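Source file: protein-v1.cif; contents: mmCIF, C-alpha atoms.
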data_start
#
loop_
_atom_site.group_PDB
_atom_site.id
_atom_site.type_symbol
_atom_site.label_atom_id
_atom_site.label_comp_id
_atom_site.auth_asym_id
_atom_site.auth_seq_id
_atom_site.Cartn_x
_atom_site.Cartn_y
_atom_site.Cartn_z
ATOM 1 C CA MET N 194 35.135 -58.770 -19.263
ATOM 2 C CA ARG N 195 38.078 -57.651 -17.261
ATOM 3 C CA ARG N 196 38.588 -54.042 -16.084
ATOM 4 C CA GLU N 197 41.460 -53.465 -18.548
ATOM 5 C CA LYS N 198 39.207 -54.144 -21.537
ATOM 6 C CA TRP N 199 36.562 -51.723 -20.225
ATOM 7 C CA ASP N 200 39.253 -49.039 -19.883
ATOM 8 C CA GLN N 201 40.138 -49.546 -23.528
ATOM 9 C CA LEU N 202 36.539 -49.070 -24.621
ATOM 10 C CA ILE N 203 35.702 -46.115 -22.332
ATOM 11 C CA PRO N 204 38.520 -43.874 -21.046
ATOM 12 C CA ARG N 205 38.385 -43.609 -17.283
ATOM 13 C CA GLU N 206 38.278 -39.790 -17.398
ATOM 14 C CA GLN N 207 35.114 -39.836 -19.512
ATOM 15 C CA SER N 208 33.481 -42.568 -17.484
ATOM 16 C CA ARG N 209 33.607 -40.285 -14.428
ATOM 17 C CA ARG N 210 31.370 -37.664 -15.999
ATOM 18 C CA VAL N 211 27.981 -37.321 -14.398
ATOM 19 C CA ILE N 212 24.997 -37.572 -16.666
ATOM 20 C CA ARG N 213 22.124 -35.488 -15.257
ATOM 21 C CA LEU N 214 18.687 -36.760 -16.056
ATOM 22 C CA GLU N 215 15.619 -34.534 -15.944
ATOM 23 C CA LYS N 216 14.188 -34.653 -12.435
ATOM 24 C CA ARG N 217 10.633 -35.812 -12.145
ATOM 25 C CA GLY N 218 8.235 -36.644 -9.383
ATOM 26 C CA LYS N 219 7.810 -34.679 -6.167
ATOM 27 C CA GLU N 220 10.547 -32.084 -6.796
ATOM 28 C CA GLN N 221 9.175 -31.204 -10.217
ATOM 29 C CA LYS N 222 5.634 -30.965 -8.837
ATOM 30 C CA LYS N 223 6.798 -28.536 -6.132
ATOM 31 C CA ARG N 224 8.574 -26.317 -8.639
ATOM 32 C CA PHE N 225 5.911 -26.049 -11.325
ATOM 33 C CA PRO N 226 2.956 -25.029 -9.091
ATOM 34 C CA ALA N 227 5.097 -22.255 -7.570
ATOM 35 C CA ALA N 228 5.979 -21.032 -11.059
ATOM 36 C CA ALA N 229 2.310 -21.138 -12.054
ATOM 37 C CA VAL N 230 1.308 -19.097 -8.972
ATOM 38 C CA PHE N 231 3.828 -16.350 -9.756
ATOM 39 C CA CYS N 232 2.811 -16.405 -13.421
ATOM 40 C CA VAL N 233 -0.855 -15.862 -12.512
ATOM 41 C CA LEU N 234 0.104 -13.129 -10.021
ATOM 42 C CA GLY N 235 2.252 -11.418 -12.647
ATOM 43 C CA ILE N 236 -0.496 -11.394 -15.251
ATOM 44 C CA GLY N 237 -3.008 -10.206 -12.633
ATOM 45 C CA CYS N 238 -0.757 -7.309 -11.577
ATOM 46 C CA LEU N 239 -0.250 -6.201 -15.176
ATOM 47 C CA LEU N 240 -3.981 -6.316 -15.883
ATOM 48 C CA TYR N 241 -4.720 -4.374 -12.675
ATOM 49 C CA CYS N 242 -2.146 -1.736 -13.633
ATOM 50 C CA GLY N 243 -3.761 -1.357 -17.040
ATOM 51 C CA GLY N 244 -7.245 -1.169 -15.515
ATOM 52 C CA ILE N 245 -6.290 1.694 -13.194
ATOM 53 C CA ALA N 246 -4.607 3.506 -16.097
ATOM 54 C CA ILE N 247 -7.779 3.242 -18.181
ATOM 55 C CA MET N 248 -10.049 4.358 -15.325
ATOM 56 C CA GLY N 249 -7.780 7.299 -14.533
ATOM 57 C CA PHE N 250 -8.006 7.042 -10.743
ATOM 58 C CA GLY N 251 -5.232 7.955 -8.336
ATOM 59 C CA THR N 252 -1.660 9.081 -8.924
ATOM 60 C CA TRP N 253 1.222 7.548 -10.850
ATOM 61 C CA PHE N 254 1.677 5.115 -7.973
ATOM 62 C CA PHE N 255 -0.352 2.524 -9.903
ATOM 63 C CA LEU N 256 2.720 1.897 -12.109
ATOM 64 C CA ILE N 257 4.188 -0.125 -9.248
ATOM 65 C CA TRP N 258 1.699 -2.847 -10.193
ATOM 66 C CA GLY N 259 3.320 -3.070 -13.597
ATOM 67 C CA CYS N 260 6.727 -3.466 -11.957
ATOM 68 C CA LEU N 261 5.380 -6.137 -9.607
ATOM 69 C CA GLY N 262 3.836 -7.961 -12.556
ATOM 70 C CA ILE N 263 7.139 -8.070 -14.435
ATOM 71 C CA LEU N 264 8.959 -9.229 -11.284
ATOM 72 C CA CYS N 265 6.466 -12.050 -10.722
ATOM 73 C CA LEU N 266 6.820 -13.227 -14.326
ATOM 74 C CA LEU N 267 10.616 -13.251 -13.988
ATOM 75 C CA LEU N 268 10.336 -15.320 -10.801
ATOM 76 C CA ALA N 269 7.986 -17.695 -12.604
ATOM 77 C CA ALA N 270 10.542 -18.134 -15.387
ATOM 78 C CA ILE N 271 13.329 -18.835 -12.892
ATOM 79 C CA LEU N 272 11.240 -21.369 -10.980
ATOM 80 C CA ARG N 273 10.260 -23.059 -14.240
ATOM 81 C CA SER N 274 13.888 -23.471 -15.357
ATOM 82 C CA ARG N 275 15.835 -26.335 -13.788
ATOM 83 C CA ARG N 276 19.112 -24.985 -15.146
ATOM 84 C CA LEU N 277 18.654 -21.540 -13.655
ATOM 85 C CA LEU N 278 17.705 -22.987 -10.281
ATOM 86 C CA ALA N 279 20.691 -25.327 -10.326
ATOM 87 C CA ALA N 280 23.015 -22.405 -11.058
ATOM 88 C CA ILE N 281 21.921 -20.532 -7.916
ATOM 89 C CA PRO N 282 23.791 -21.637 -4.764
ATOM 90 C CA GLY N 283 21.649 -23.219 -2.092
ATOM 91 C CA TRP N 284 22.589 -20.629 0.520
ATOM 92 C CA VAL N 285 21.460 -17.820 -1.789
ATOM 93 C CA LYS N 286 18.097 -19.519 -2.318
ATOM 94 C CA GLY N 287 17.758 -19.990 1.430
ATOM 95 C CA ILE N 288 18.453 -16.314 2.149
ATOM 96 C CA CYS N 289 15.996 -15.212 -0.563
ATOM 97 C CA CYS N 290 13.265 -17.463 0.815
ATOM 98 C CA GLY N 291 13.900 -16.167 4.328
ATOM 99 C CA ILE N 292 13.727 -12.531 3.199
ATOM 100 C CA PHE N 293 10.549 -13.214 1.235
ATOM 101 C CA LEU N 294 8.798 -14.902 4.171
ATOM 102 C CA ALA N 295 9.907 -12.202 6.633
ATOM 103 C CA GLY N 296 8.740 -9.504 4.217
ATOM 104 C CA MET N 297 5.349 -11.141 3.791
ATOM 105 C CA LEU N 298 4.939 -11.435 7.566
ATOM 106 C CA PHE N 299 5.825 -7.757 8.017
ATOM 107 C CA PHE N 300 3.517 -6.711 5.181
ATOM 108 C CA CYS N 301 0.575 -8.685 6.580
ATOM 109 C CA THR N 302 1.161 -7.272 10.080
ATOM 110 C CA VAL N 303 1.105 -3.663 8.863
ATOM 111 C CA GLU N 304 -1.910 -4.291 6.651
ATOM 112 C CA GLY N 305 -3.697 -5.818 9.638
ATOM 113 C CA MET N 306 -3.129 -2.604 11.593
ATOM 114 C CA ILE N 307 -4.429 -0.538 8.671
ATOM 115 C CA LEU N 308 -7.531 -2.711 8.364
ATOM 116 C CA SER N 309 -8.178 -2.463 12.106
ATOM 117 C CA GLN N 310 -9.460 1.112 11.525
ATOM 118 C CA TYR N 311 -11.175 0.404 8.212
ATOM 119 C CA ASN N 312 -14.662 0.869 9.645
ATOM 120 C CA ALA N 313 -13.861 3.481 12.296
ATOM 121 C CA GLN N 314 -16.904 5.258 13.712
ATOM 122 C CA ALA N 315 -16.763 8.374 15.903
ATOM 123 C CA GLU N 316 -18.833 9.208 18.919
ATOM 124 C CA PRO N 317 -21.126 12.246 18.575
ATOM 125 C CA GLY N 318 -20.403 15.558 20.258
ATOM 126 C CA ALA N 319 -16.860 16.300 19.085
ATOM 127 C CA ASP N 320 -15.558 19.833 19.530
ATOM 128 C CA TYR N 321 -13.790 19.780 16.172
ATOM 129 C CA CYS N 322 -13.886 17.715 13.023
ATOM 130 C CA ILE N 323 -10.755 17.728 10.820
ATOM 131 C CA VAL N 324 -11.216 16.811 7.152
ATOM 132 C CA LEU N 325 -7.908 15.816 5.575
ATOM 133 C CA GLY N 326 -7.302 17.132 2.083
ATOM 134 C CA ALA N 327 -6.871 15.293 -1.199
ATOM 135 C CA GLN N 328 -6.648 16.330 -4.832
ATOM 136 C CA TRP N 329 -8.907 19.134 -6.024
ATOM 137 C CA LYS N 330 -9.536 18.887 -9.765
ATOM 138 C CA THR N 331 -10.718 21.525 -12.214
ATOM 139 C CA THR N 332 -14.155 19.900 -12.038
ATOM 140 C CA GLY N 333 -14.260 19.816 -8.229
ATOM 141 C CA PRO N 334 -13.103 17.389 -5.543
ATOM 142 C CA SER N 335 -11.562 14.091 -6.536
ATOM 143 C CA GLU N 336 -13.687 11.050 -5.736
ATOM 144 C CA VAL N 337 -11.523 10.309 -2.690
ATOM 145 C CA LEU N 338 -11.993 13.846 -1.324
ATOM 146 C CA ARG N 339 -15.701 13.956 -2.155
ATOM 147 C CA ARG N 340 -16.290 10.895 0.005
ATOM 148 C CA ARG N 341 -14.459 12.544 2.913
ATOM 149 C CA LEU N 342 -16.482 15.724 2.563
ATOM 150 C CA ASP N 343 -19.820 13.901 2.363
ATOM 151 C CA LYS N 344 -18.948 11.912 5.480
ATOM 152 C CA ALA N 345 -17.945 15.097 7.306
ATOM 153 C CA ALA N 346 -21.097 16.933 6.199
ATOM 154 C CA ALA N 347 -23.273 14.120 7.571
ATOM 155 C CA TYR N 348 -21.456 14.219 10.931
ATOM 156 C CA LEU N 349 -21.643 18.019 11.122
ATOM 157 C CA THR N 350 -25.359 18.002 10.339
ATOM 158 C CA GLU N 351 -25.976 15.571 13.204
ATOM 159 C CA ASN N 352 -23.690 17.545 15.533
ATOM 160 C CA PRO N 353 -24.497 21.263 15.060
ATOM 161 C CA ASP N 354 -22.114 22.401 17.793
ATOM 162 C CA THR N 355 -19.067 20.790 16.138
ATOM 163 C CA LYS N 356 -16.720 23.054 14.205
ATOM 164 C CA VAL N 357 -14.793 21.768 11.222
ATOM 165 C CA ILE N 358 -11.218 22.346 10.055
ATOM 166 C CA VAL N 359 -10.654 21.791 6.341
ATOM 167 C CA SER N 360 -6.978 21.047 5.773
ATOM 168 C CA GLY N 361 -4.990 21.082 2.554
ATOM 169 C CA GLY N 362 -2.780 23.419 0.551
ATOM 170 C CA GLN N 363 -2.593 24.020 -3.184
ATOM 171 C CA GLY N 364 -0.654 21.547 -5.286
ATOM 172 C CA GLY N 365 1.055 22.353 -8.542
ATOM 173 C CA ASN N 366 -1.776 20.782 -10.546
ATOM 174 C CA GLU N 367 -4.637 22.368 -8.567
ATOM 175 C CA ILE N 368 -6.542 25.561 -9.422
ATOM 176 C CA MET N 369 -7.063 26.476 -5.751
ATOM 177 C CA SER N 370 -6.077 25.244 -2.342
ATOM 178 C CA GLU N 371 -7.791 22.049 -1.304
ATOM 179 C CA ALA N 372 -9.024 23.769 1.866
ATOM 180 C CA ALA N 373 -10.732 26.562 -0.091
ATOM 181 C CA GLY N 374 -12.505 24.093 -2.328
ATOM 182 C CA MET N 375 -13.497 21.976 0.683
ATOM 183 C CA ARG N 376 -14.955 25.022 2.452
ATOM 184 C CA ASP N 377 -17.086 25.899 -0.561
ATOM 185 C CA TYR N 378 -18.256 22.300 -0.907
ATOM 186 C CA LEU N 379 -19.362 22.133 2.728
ATOM 187 C CA VAL N 380 -21.150 25.502 2.487
ATOM 188 C CA ASN N 381 -23.052 24.200 -0.544
ATOM 189 C CA ALA N 382 -23.876 21.096 1.518
ATOM 190 C CA GLY N 383 -25.592 23.286 4.112
ATOM 191 C CA ILE N 384 -22.825 23.775 6.683
ATOM 192 C CA GLU N 385 -22.653 27.338 8.048
ATOM 193 C CA GLU N 386 -19.495 29.129 6.956
ATOM 194 C CA ASP N 387 -18.793 30.443 10.450
ATOM 195 C CA ARG N 388 -18.321 26.829 11.606
ATOM 196 C CA ILE N 389 -15.532 26.232 9.074
ATOM 197 C CA LEU N 390 -11.854 26.911 9.824
ATOM 198 C CA VAL N 391 -9.419 26.880 6.909
ATOM 199 C CA GLU N 392 -5.888 25.443 7.028
ATOM 200 C CA ASP N 393 -4.417 25.925 3.557
ATOM 201 C CA LYS N 394 -0.649 25.487 3.943
ATOM 202 C CA SER N 395 -0.196 21.724 4.375
ATOM 203 C CA SER N 396 1.013 19.352 1.687
ATOM 204 C CA ASN N 397 0.777 15.932 3.384
ATOM 205 C CA THR N 398 -0.950 14.122 6.245
ATOM 206 C CA TYR N 399 1.707 15.059 8.778
ATOM 207 C CA GLU N 400 1.388 18.773 7.974
ATOM 208 C CA ASN N 401 -2.424 18.499 7.876
ATOM 209 C CA LEU N 402 -2.432 17.480 11.504
ATOM 210 C CA VAL N 403 0.409 19.715 12.705
ATOM 211 C CA PHE N 404 -1.078 22.877 11.197
ATOM 212 C CA SER N 405 -4.663 21.967 12.120
ATOM 213 C CA GLY N 406 -3.491 21.456 15.694
ATOM 214 C CA GLU N 407 -2.771 25.179 15.920
ATOM 215 C CA PHE N 408 -6.540 25.792 16.044
ATOM 216 C CA LEU N 409 -6.995 23.354 18.937
ATOM 217 C CA ASP N 410 -6.370 22.804 22.580
ATOM 218 C CA LEU N 411 -4.689 19.449 21.985
ATOM 219 C CA GLU N 412 -5.015 18.334 25.594
ATOM 220 C CA ASN N 413 -8.712 19.037 25.977
ATOM 221 C CA SER N 414 -10.399 19.287 22.575
ATOM 222 C CA LYS N 415 -12.417 16.292 21.447
ATOM 223 C CA VAL N 416 -11.424 15.785 17.815
ATOM 224 C CA VAL N 417 -12.713 13.577 14.995
ATOM 225 C CA ILE N 418 -10.474 13.040 11.962
ATOM 226 C CA VAL N 419 -12.385 12.334 8.750
ATOM 227 C CA THR N 420 -10.531 10.509 5.999
ATOM 228 C CA ASN N 421 -10.910 7.424 3.819
ATOM 229 C CA ASN N 422 -10.989 4.005 5.458
ATOM 230 C CA PHE N 423 -7.499 2.958 4.334
ATOM 231 C CA HIS N 424 -6.013 6.192 5.716
ATOM 232 C CA VAL N 425 -7.531 6.302 9.216
ATOM 233 C CA PHE N 426 -4.895 4.207 11.017
ATOM 234 C CA ARG N 427 -1.974 6.360 9.871
ATOM 235 C CA ALA N 428 -3.824 9.641 10.472
ATOM 236 C CA LEU N 429 -4.671 8.654 14.052
ATOM 237 C CA GLY N 430 -1.112 7.514 14.706
ATOM 238 C CA ILE N 431 0.336 10.817 13.513
ATOM 239 C CA ALA N 432 -2.247 12.803 15.496
ATOM 240 C CA ARG N 433 -1.467 10.988 18.723
ATOM 241 C CA LYS N 434 2.248 11.449 18.155
ATOM 242 C CA GLN N 435 1.562 15.201 17.850
ATOM 243 C CA GLY N 436 -0.212 15.323 21.200
ATOM 244 C CA TYR N 437 -3.879 14.929 20.266
ATOM 245 C CA ALA N 438 -5.125 13.558 23.583
ATOM 246 C CA ASN N 439 -8.746 12.879 22.672
ATOM 247 C CA VAL N 440 -9.016 11.873 19.015
ATOM 248 C CA GLU N 441 -11.117 9.426 17.006
ATOM 249 C CA GLY N 442 -11.295 8.468 13.370
ATOM 250 C CA LEU N 443 -14.320 8.555 11.101
ATOM 251 C CA ALA N 444 -13.882 6.388 8.024
ATOM 252 C CA ALA N 445 -15.264 7.445 4.663
ATOM 253 C CA GLY N 446 -15.506 4.910 1.863
ATOM 254 C CA SER N 447 -13.122 4.476 -1.051
ATOM 255 C CA VAL N 448 -13.426 3.852 -4.775
ATOM 256 C CA LEU N 449 -14.559 0.335 -5.673
ATOM 257 C CA GLY N 450 -11.707 -1.649 -7.194
ATOM 258 C CA MET N 451 -9.001 0.633 -5.838
ATOM 259 C CA GLY N 452 -8.668 -1.276 -2.557
ATOM 260 C CA PRO N 453 -5.461 -3.181 -3.401
ATOM 261 C CA ASN N 454 -3.791 -0.045 -4.743
ATOM 262 C CA ASN N 455 -4.851 2.017 -1.713
ATOM 263 C CA LEU N 456 -3.689 -0.618 0.765
ATOM 264 C CA LEU N 457 -0.303 -1.075 -0.901
ATOM 265 C CA ARG N 458 0.273 2.667 -1.080
ATOM 266 C CA GLU N 459 -0.829 3.095 2.525
ATOM 267 C CA PHE N 460 1.546 0.329 3.626
ATOM 268 C CA MET N 461 4.412 2.343 2.175
ATOM 269 C CA GLY N 462 3.053 5.510 3.800
ATOM 270 C CA VAL N 463 2.976 3.850 7.222
ATOM 271 C CA VAL N 464 6.535 2.555 6.832
ATOM 272 C CA LYS N 465 7.772 5.964 5.650
ATOM 273 C CA ASP N 466 6.125 7.885 8.490
ATOM 274 C CA PHE N 467 7.445 5.401 11.015
ATOM 275 C CA LEU N 468 11.006 5.706 9.694
ATOM 276 C CA VAL N 469 10.973 9.531 9.776
ATOM 277 C CA GLY N 470 9.472 9.600 13.269
ATOM 278 C CA ASN N 471 5.934 10.756 12.459
ATOM 279 C CA LEU N 472 4.417 7.607 13.970
#
Give the structure from this file in structure tokens form.
Amino acid sequence: MRREKWDQLIPREQSRRVIRLEKRGKEQKKRFPAAAVFCVLGIGCLLYCGGIAIMGFGTWFFLIWGCLGILCLLLAAILRSRRLLAAIPGWVKGICCGIFLAGMLFFCTVEGMILSQYNAQAEPGADYCIVLGAQWKTTGPSEVLRRRLDKAAAYLTENPDTKVIVSGGQGGNEIMSEAAGMRDYLVNAGIEEDRILVEDKSSNTYENLVFSGEFLDLENSKVVIVTNNFHVFRALGIARKQGYANVEGLAAGSVLGMGPNNLLREFMGVVKDFLVGNL
């Protein structure tokens, strides 16, 4: 049939329209596994958030897991939808992928530095041992703080000439200063009260180490900082920035199951302290 007859049957303007067929094969296989990964991550984050809420550990920081879960599910929905992906310009997708990969590389690098001090052990014979404060509840030390105190008590028992500085002020939800509660705990653990120095004005790690440093000869004192494993790297970095010339970390354990939450929170703490010049 000649071209003129075809033009009569199908107008040329309509014949130029592109009919998009559903894409299958390799491209579809690449998209759907990525969506499934983010879907699983999203559900996992939401379940983890709920688990921490039920157990009652930590601060309100755990809510970030709920936000991450919702974000992952939204990404899964976008990756699952061909129309949504097609509506996003290629350059935007490229920039987003680049930011995501760079962010993951940065996150893994910082977490590697945190984990490098996860099992820190201190040499015996320190002049001073600094125990960093954490929440003091109406029933006594929080689980995080109890582990620090038990670790410090063991070190002090093995090193009878070492003095200890308990560091921590009183928060709005605490019945006494953390330092006062820590002193009493160590006395009950068999540590002589005249070996205990109290620093009760600090409200964060930076102030813990600045105010505790007033008891020390920073150039010459051999100091051991006792804190939980996830917190040692940042504490040592702040101490060295403040002029602690001879300092080591002693890692106490942390609550089982709280590792991901602790590491994510500590990542943000490291970034914050670096940006404000504490590290």
What is the atom CA of Ser395 of chain N-atom CA of Ala327 of chain N distance in Å, reported with one decimal?
10.8 Å
Under the rule of at most 12 Å, produce a per-residue listing of segment 301-373 of chain N near segment 400-408 of chain N: chain, number, name, the closest pair of atoms, and the distance in Å, as a tab-separated table, using all atoms listed in the file.
residue	atom	partner	partner_atom	distance
N:Asp320	CA	N:Phe408	CA	11.4
N:Tyr321	CA	N:Phe408	CA	9.4
N:Cys322	CA	N:Ser405	CA	10.2
N:Ile323	CA	N:Ser405	CA	7.5
N:Val324	CA	N:Asn401	CA	9.0
N:Leu325	CA	N:Asn401	CA	6.5
N:Gly326	CA	N:Asn401	CA	7.7
N:Ala327	CA	N:Asn401	CA	10.6
N:Lys356	CA	N:Phe408	CA	10.7
N:Val357	CA	N:Ser405	CA	10.2
N:Ile358	CA	N:Ser405	CA	6.9
N:Val359	CA	N:Ser405	CA	8.3
N:Ser360	CA	N:Asn401	CA	5.6
N:Gly361	CA	N:Asn401	CA	6.4
N:Gly362	CA	N:Asn401	CA	8.8
N:Glu371	CA	N:Asn401	CA	11.2
N:Ala372	CA	N:Asn401	CA	10.4
Between N:Val417, N:Leu342, N:Leu261, N:Tyr399, which has the minimum distance to Val380 of chain N (counting all atoms listed in the file)?
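So, comparing all the options, the nearest one is N:Leu342.
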Residue nearest Leu379 of chain N - candidates N:Asn471, N:Thr350, N:Asn439, N:Thr332, atoms counted: all atoms listed in the file:
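Counting all atoms listed in the file, the residue closest to Leu379 of chain N is N:Thr350.
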Output as JSON the centre and edge lengths (Å, one decimal) of the box along x, y and z of the file that holds every listed atom of segment 291-305 of chain N after adding 3 Å on each side.
{"center_x": 5.1, "center_y": -9.9, "center_z": 5.7, "size_x": 23.6, "size_y": 18.5, "size_z": 14.8}
Could you tell me which residues the PyMOL selection byres ((chain N and resi 249-259) around 10) returns for this structure, as a ChimeraX atom specification?
/N:235-248,260-265,328,335-337,448,451,453-455,457-458
Pick out the residues sitting within 7 Å of Arg341 of chain N, and hand them over as a list in words; count all atoms listed in the file, and ignore anything fewer than 5 positions along from it in its own chain.
Val324, Val419, Thr420, Asn421 and Ala445 of chain N
Would you mind listing what lies within 10 Å of Tyr378 of chain N as a PyMOL selection string, with all atoms listed in the file counted and same-chain residues fewer than 4 positions away left out?
chain N and resi 333-334+339+342-343+346+372-374+382-384
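Picture a line from atom CA of Val233 of chain N to atom CA of Val285 of chain N; it runs 24.8 Å.
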Written as an MDAnalysis selection string, which residues does the PyMOL selection byres ((chain N and resi 353) around 10) give for the file shown?
chainID N and resid 318:319 348:352 354:356 384:385 388
Save the residues we just selected, C-alpha atoms, as a short mmCIF file (atom, residue, chain, number, x, y, z; two decimals), in the frame of the given file?
data_model
loop_
_atom_site.label_atom_id
_atom_site.label_comp_id
_atom_site.auth_asym_id
_atom_site.auth_seq_id
_atom_site.Cartn_x
_atom_site.Cartn_y
_atom_site.Cartn_z
CA GLY N 318 -20.40 15.56 20.26
CA ALA N 319 -16.86 16.30 19.08
CA TYR N 348 -21.46 14.22 10.93
CA LEU N 349 -21.64 18.02 11.12
CA THR N 350 -25.36 18.00 10.34
CA GLU N 351 -25.98 15.57 13.20
CA ASN N 352 -23.69 17.55 15.53
CA ASP N 354 -22.11 22.40 17.79
CA THR N 355 -19.07 20.79 16.14
CA LYS N 356 -16.72 23.05 14.20
CA ILE N 384 -22.82 23.78 6.68
CA GLU N 385 -22.65 27.34 8.05
CA ARG N 388 -18.32 26.83 11.61
#
Which polymer residues, whether protein, DNA or RNA, lie within 9 Å of the coordinate (-1.5, 13.5, 16.6) when you count all atoms listed in the file? List them as number ranges by chain, using the chain letters and numbers from the file.
N: 399, 402-403, 406, 411, 428-438, 440, 471-472
What gap, in Å, lies between atom CA of Ser309 of chain N and atom CA of Val463 of chain N?
13.7 Å
List, as a short mmCIF file (atom, residue, chain, number, x, y, z; two decimals) with C-alpha atoms, in the coordinates of the input, every residue that the PyMOL selection byres ((chain N and resi 367) around 8) selects in the file provided.
data_model
loop_
_atom_site.label_atom_id
_atom_site.label_comp_id
_atom_site.auth_asym_id
_atom_site.auth_seq_id
_atom_site.Cartn_x
_atom_site.Cartn_y
_atom_site.Cartn_z
CA GLN N 328 -6.65 16.33 -4.83
CA TRP N 329 -8.91 19.13 -6.02
CA LYS N 330 -9.54 18.89 -9.76
CA THR N 331 -10.72 21.52 -12.21
CA GLN N 363 -2.59 24.02 -3.18
CA GLY N 364 -0.65 21.55 -5.29
CA GLY N 365 1.06 22.35 -8.54
CA ASN N 366 -1.78 20.78 -10.55
CA ILE N 368 -6.54 25.56 -9.42
CA MET N 369 -7.06 26.48 -5.75
CA SER N 370 -6.08 25.24 -2.34
CA GLU N 371 -7.79 22.05 -1.30
#
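Considering the residues N:Ser447, N:Leu294, N:Gly287, N:Ala229 and counting all atoms listed in the file, Lys344 of chain N has its shortest atom-to-atom contact with N:Ser447.
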Using all atoms listed in the file, pick whichever of N:Ala315, N:Ala444, N:Asp387, N:Ala227 has the shortest atom-to-atom distance to Ala270 of chain N.
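For Ala270 of chain N, the nearest of the candidates is N:Ala227.
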Just add all heavy atoms to segment 403-408 of chain N and send it as a PDB file, in the coordinates of the input.
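rebuild_2.pdb, freshly written:
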ATOM      1  N   VAL N 403      -0.395  18.738  11.954  1.00  0.00           N
ATOM      2  CA  VAL N 403       0.409  19.715  12.705  1.00  0.00           C
ATOM      3  C   VAL N 403      -0.214  21.100  12.604  1.00  0.00           C
ATOM      4  O   VAL N 403      -0.429  21.783  13.619  1.00  0.00           O
ATOM      5  CB  VAL N 403       1.862  19.731  12.192  1.00  0.00           C
ATOM      6  CG1 VAL N 403       2.631  20.888  12.814  1.00  0.00           C
ATOM      7  CG2 VAL N 403       2.557  18.419  12.533  1.00  0.00           C
ATOM      8  N   PHE N 404      -0.535  21.539  11.393  1.00  0.00           N
ATOM      9  CA  PHE N 404      -1.078  22.877  11.197  1.00  0.00           C
ATOM     10  C   PHE N 404      -2.516  22.995  11.722  1.00  0.00           C
ATOM     11  O   PHE N 404      -2.902  24.036  12.270  1.00  0.00           O
ATOM     12  CB  PHE N 404      -1.016  23.271   9.724  1.00  0.00           C
ATOM     13  CG  PHE N 404       0.384  23.338   9.166  1.00  0.00           C
ATOM     14  CD1 PHE N 404       0.619  23.180   7.807  1.00  0.00           C
ATOM     15  CD2 PHE N 404       1.469  23.559   9.996  1.00  0.00           C
ATOM     16  CE1 PHE N 404       1.903  23.246   7.292  1.00  0.00           C
ATOM     17  CE2 PHE N 404       2.771  23.621   9.494  1.00  0.00           C
ATOM     18  CZ  PHE N 404       2.978  23.465   8.141  1.00  0.00           C
ATOM     19  N   SER N 405      -3.298  21.941  11.576  1.00  0.00           N
ATOM     20  CA  SER N 405      -4.663  21.967  12.120  1.00  0.00           C
ATOM     21  C   SER N 405      -4.629  22.027  13.638  1.00  0.00           C
ATOM     22  O   SER N 405      -5.524  22.622  14.265  1.00  0.00           O
ATOM     23  CB  SER N 405      -5.442  20.730  11.665  1.00  0.00           C
ATOM     24  OG  SER N 405      -5.645  20.734  10.272  1.00  0.00           O
ATOM     25  N   GLY N 406      -3.609  21.446  14.244  1.00  0.00           N
ATOM     26  CA  GLY N 406      -3.491  21.456  15.694  1.00  0.00           C
ATOM     27  C   GLY N 406      -3.336  22.847  16.273  1.00  0.00           C
ATOM     28  O   GLY N 406      -3.609  23.060  17.474  1.00  0.00           O
ATOM     29  N   GLU N 407      -2.928  23.812  15.442  1.00  0.00           N
ATOM     30  CA  GLU N 407      -2.771  25.179  15.920  1.00  0.00           C
ATOM     31  C   GLU N 407      -4.117  25.830  16.251  1.00  0.00           C
ATOM     32  O   GLU N 407      -4.164  26.821  16.981  1.00  0.00           O
ATOM     33  CB  GLU N 407      -2.026  26.004  14.868  1.00  0.00           C
ATOM     34  CG  GLU N 407      -0.587  25.520  14.628  1.00  0.00           C
ATOM     35  CD  GLU N 407       0.090  26.258  13.491  1.00  0.00           C
ATOM     36  OE1 GLU N 407      -0.557  27.155  12.895  1.00  0.00           O
ATOM     37  OE2 GLU N 407       1.263  25.940  13.186  1.00  0.00           O
ATOM     38  N   PHE N 408      -5.207  25.269  15.732  1.00  0.00           N
ATOM     39  CA  PHE N 408      -6.540  25.792  16.044  1.00  0.00           C
ATOM     40  C   PHE N 408      -7.096  25.187  17.344  1.00  0.00           C
ATOM     41  O   PHE N 408      -8.141  25.622  17.828  1.00  0.00           O
ATOM     42  CB  PHE N 408      -7.523  25.455  14.916  1.00  0.00           C
ATOM     43  CG  PHE N 408      -7.254  26.177  13.620  1.00  0.00           C
ATOM     44  CD1 PHE N 408      -6.564  25.555  12.593  1.00  0.00           C
ATOM     45  CD2 PHE N 408      -7.703  27.478  13.431  1.00  0.00           C
ATOM     46  CE1 PHE N 408      -6.330  26.208  11.396  1.00  0.00           C
ATOM     47  CE2 PHE N 408      -7.473  28.145  12.231  1.00  0.00           C
ATOM     48  CZ  PHE N 408      -6.776  27.507  11.217  1.00  0.00           C
TER      49      PHE N 408
END
